[in-house]
Amino acid sequence: MIFNDGGTWVFFQVSWLRDPKHGSQRALVTQTILIAIAGLMGASAVVLAAAGAHAAPNAGLESAAYMLLFHAAAVLGGTALAQQGLLWRPLALGVLVGWVVGAALFSGDIATRAVAGHRLFAMAAPTGGVILITAWLALIAAAFGSLLHRG
């Protein structure tokens, strides 16, 4: 997301990456957006679970729902960990974006196949899965990175 800051165009996440005290308005905006996205993921998960149970049983919507709900909680937890300085912020932002994008691709592909009868695009679910795996592995690096960058 880009916004105008006194005549200068900046990315909203930049201050979150550089602000050690997490007190700036831009840091708050970044964290609020991530929390809102997690809420949207959670709400979508409940809708998919209900659709899987009632409208389209055995269509695989439960898998999509679980993936979204699990990663919604992960985004909330990751945002809190990064805000507390327990994750190296530059990599933490990549982890959080990876969880959102990966879960959206994976779940979106499954849901689109169940509802519309076609895929988002070829290899959307596997691509989402690879992004999720990579993001979880990057979480390990972000945790160790915070230790290296503290001293």
# chains A, B, ... in the order shown; residues from 1 in each chain; ligands from 1
call {"tool": "residues_around", "arguments": {"residues": "A:Ile131", "least_positions_apart": "3", "cutoff": "6 Å", "atoms": "only C-alpha atoms", "output": "list in words"}}
result
Gly98, Gly102, Gly128 and Thr134 of chain A
call {"tool": "write_last_selection", "arguments": {"atoms": "C-alpha atoms", "output": "PDB file, in the first residue's frame"}}
result
ATOM      1  CA  GLY A  98       3.695 -15.273   2.767  1.00  0.00           C
ATOM      2  CA  GLY A 102      -0.097 -18.712   0.475  1.00  0.00           C
ATOM      3  CA  GLY A 128       0.193 -21.545  -2.194  1.00  0.00           C
ATOM      4  CA  THR A 134       8.705 -21.278   2.781  1.00  0.00           C
TER       5      THR A 134
END
call {"tool": "residues_around", "arguments": {"residues": "A:Met67", "least_positions_apart": "5", "cutoff": "9 Å", "atoms": "only C-alpha atoms", "output": "mmCIF file with C-alpha atoms, in the first residue's frame"}}
result
data_model
loop_
_atom_site.group_PDB
_atom_site.id
_atom_site.type_symbol
_atom_site.label_atom_id
_atom_site.label_comp_id
_atom_site.auth_asym_id
_atom_site.auth_seq_id
_atom_site.Cartn_x
_atom_site.Cartn_y
_atom_site.Cartn_z
ATOM 1 C CA ALA A 45 -12.797 -19.684 7.025
ATOM 2 C CA GLU A 62 -13.160 -27.948 4.976
ATOM 3 C CA ALA A 72 -5.326 -16.188 10.371
ATOM 4 C CA ALA A 103 -3.316 -19.354 2.396
ATOM 5 C CA ALA A 104 -5.297 -17.241 -0.079
ATOM 6 C CA PHE A 106 -4.363 -22.567 -1.483
ATOM 7 C CA SER A 107 -7.843 -21.948 -0.098
#
call {"tool": "atom_distance", "arguments": {"atom1": "atom CA of A:Leu68", "atom2": "atom CA of A:Gly42"}}
result
6.5 Å
call {"tool": "select_by_dssp", "arguments": {"residues": "stretch 58-105 of chain A", "states": "alpha helix (DSSP H)", "output": "ChimeraX atom specification"}}
result
/A:61-83,89-105
call {"tool": "residues_around", "arguments": {"residues": "A:Ile33", "least_positions_apart": "3", "cutoff": "12 Å", "atoms": "only C-alpha atoms", "output": "JSON, numbers by chain"}}
result
{"A": [1, 12, 13, 16, 26, 27, 28, 29, 30, 36, 37, 38, 39, 40, 75, 76, 79, 96, 97, 100]}
call {"tool": "select_by_dssp", "arguments": {"residues": "chain A", "states": "strand (DSSP E or B)", "output": "list of chain:residue names"}}
result
A:Ile2, A:Phe3, A:Asn4, A:Asp5, A:Thr8, A:Trp9, A:Val10, A:Phe11
call {"tool": "write_last_selection", "arguments": {"atoms": "N, CA and C atoms", "output": "PDB file, in the first residue's frame"}}
result
ATOM      1  N   ILE A   2       0.544   2.192  -0.830  1.00  0.00           N
ATOM      2  CA  ILE A   2       1.334   3.399  -0.951  1.00  0.00           C
ATOM      3  C   ILE A   2       0.468   4.572  -0.530  1.00  0.00           C
ATOM      4  N   PHE A   3       1.053   5.531   0.164  1.00  0.00           N
ATOM      5  CA  PHE A   3       0.314   6.737   0.505  1.00  0.00           C
ATOM      6  C   PHE A   3       1.248   7.933   0.432  1.00  0.00           C
ATOM      7  N   ASN A   4       0.653   9.129   0.367  1.00  0.00           N
ATOM      8  CA  ASN A   4       1.408  10.353   0.238  1.00  0.00           C
ATOM      9  C   ASN A   4       1.697  10.899   1.625  1.00  0.00           C
ATOM     10  N   ASP A   5       2.959  11.086   1.939  1.00  0.00           N
ATOM     11  CA  ASP A   5       3.372  11.599   3.242  1.00  0.00           C
ATOM     12  C   ASP A   5       4.064  12.951   3.033  1.00  0.00           C
ATOM     13  N   THR A   8       5.790  13.166  -0.361  1.00  0.00           N
ATOM     14  CA  THR A   8       6.647  12.036  -0.683  1.00  0.00           C
ATOM     15  C   THR A   8       5.834  10.757  -0.635  1.00  0.00           C
ATOM     16  N   TRP A   9       5.924   9.968  -1.685  1.00  0.00           N
ATOM     17  CA  TRP A   9       5.203   8.703  -1.715  1.00  0.00           C
ATOM     18  C   TRP A   9       6.045   7.649  -1.014  1.00  0.00           C
ATOM     19  N   VAL A  10       5.455   6.943  -0.065  1.00  0.00           N
ATOM     20  CA  VAL A  10       6.182   5.917   0.682  1.00  0.00           C
ATOM     21  C   VAL A  10       5.324   4.677   0.817  1.00  0.00           C
ATOM     22  N   PHE A  11       5.973   3.536   1.007  1.00  0.00           N
ATOM     23  CA  PHE A  11       5.260   2.301   1.296  1.00  0.00           C
ATOM     24  C   PHE A  11       4.971   2.272   2.784  1.00  0.00           C
TER      25      PHE A  11
END
call {"tool": "closest_residue", "arguments": {"among": "A:Ala74, A:Leu120, A:Ala138, A:Val46", "to": "A:Leu61", "atoms": "only C-alpha atoms"}}
result
A:Val46
call {"tool": "residues_around", "arguments": {"residues": "A:His149", "least_positions_apart": "2", "cutoff": "12 Å", "atoms": "only C-alpha atoms", "output": "list in words"}}
result
Pro20, Gly85, Leu86, Leu87, Trp88, Arg89, Pro90, Leu91, Ala141, Ala142, Ala143, Phe144, Gly145, Ser146, Leu147 and Gly151 of chain A
call {"tool": "closest_residue", "arguments": {"among": "A:Ala125, A:Ala59, A:Leu139, A:Ala73", "to": "A:Val101", "atoms": "only C-alpha atoms"}}
result
A:Ala125
call {"tool": "atom_distance", "arguments": {"atom1": "atom CA of A:Leu132", "atom2": "atom CA of A:His71"}}
result
9.1 Å
call {"tool": "closest_atom_pairs", "arguments": {"of": "stretch 32-83 of chain A", "to": "stretch 112-119 of chain A", "cutoff": "10 Å", "atoms": "only C-alpha atoms", "output": "JSON lines"}}
result
{"residue": "A:Ala51", "atom": "CA", "partner": "A:Val115", "partner_atom": "CA", "distance": 9.7}
{"residue": "A:Gly52", "atom": "CA", "partner": "A:Ala114", "partner_atom": "CA", "distance": 9.2}
{"residue": "A:Ala55", "atom": "CA", "partner": "A:Val115", "partner_atom": "CA", "distance": 9.7}
{"residue": "A:Ala56", "atom": "CA", "partner": "A:Ala114", "partner_atom": "CA", "distance": 7.5}
{"residue": "A:Pro57", "atom": "CA", "partner": "A:Ala114", "partner_atom": "CA", "distance": 9.7}
{"residue": "A:Asn58", "atom": "CA", "partner": "A:Ala114", "partner_atom": "CA", "distance": 9.3}
{"residue": "A:Ala59", "atom": "CA", "partner": "A:Ala114", "partner_atom": "CA", "distance": 5.6}
{"residue": "A:Gly60", "atom": "CA", "partner": "A:Ala114", "partner_atom": "CA", "distance": 7.2}
{"residue": "A:Leu61", "atom": "CA", "partner": "A:Ala114", "partner_atom": "CA", "distance": 7.2}
call {"tool": "write_last_selection", "arguments": {"atoms": "C-alpha atoms", "output": "PDB file, in the first residue's frame"}}
result
ATOM      1  CA  ALA A  51     -20.513 -24.172   3.084  1.00  0.00           C
ATOM      2  CA  GLY A  52     -18.513 -27.382   3.334  1.00  0.00           C
ATOM      3  CA  ALA A  55     -23.957 -26.544   0.775  1.00  0.00           C
ATOM      4  CA  ALA A  56     -21.175 -28.615  -0.750  1.00  0.00           C
ATOM      5  CA  PRO A  57     -20.316 -31.631   1.392  1.00  0.00           C
ATOM      6  CA  ASN A  58     -17.249 -33.617   0.300  1.00  0.00           C
ATOM      7  CA  ALA A  59     -16.072 -30.783  -1.951  1.00  0.00           C
ATOM      8  CA  GLY A  60     -12.924 -30.139   0.068  1.00  0.00           C
ATOM      9  CA  LEU A  61     -14.055 -26.807   1.476  1.00  0.00           C
TER      10      LEU A  61
END
call {"tool": "closest_residue", "arguments": {"among": "A:Gly77, A:Ala82, A:Ala92, A:Leu105", "to": "A:Leu137", "atoms": "only C-alpha atoms"}}
result
A:Ala92
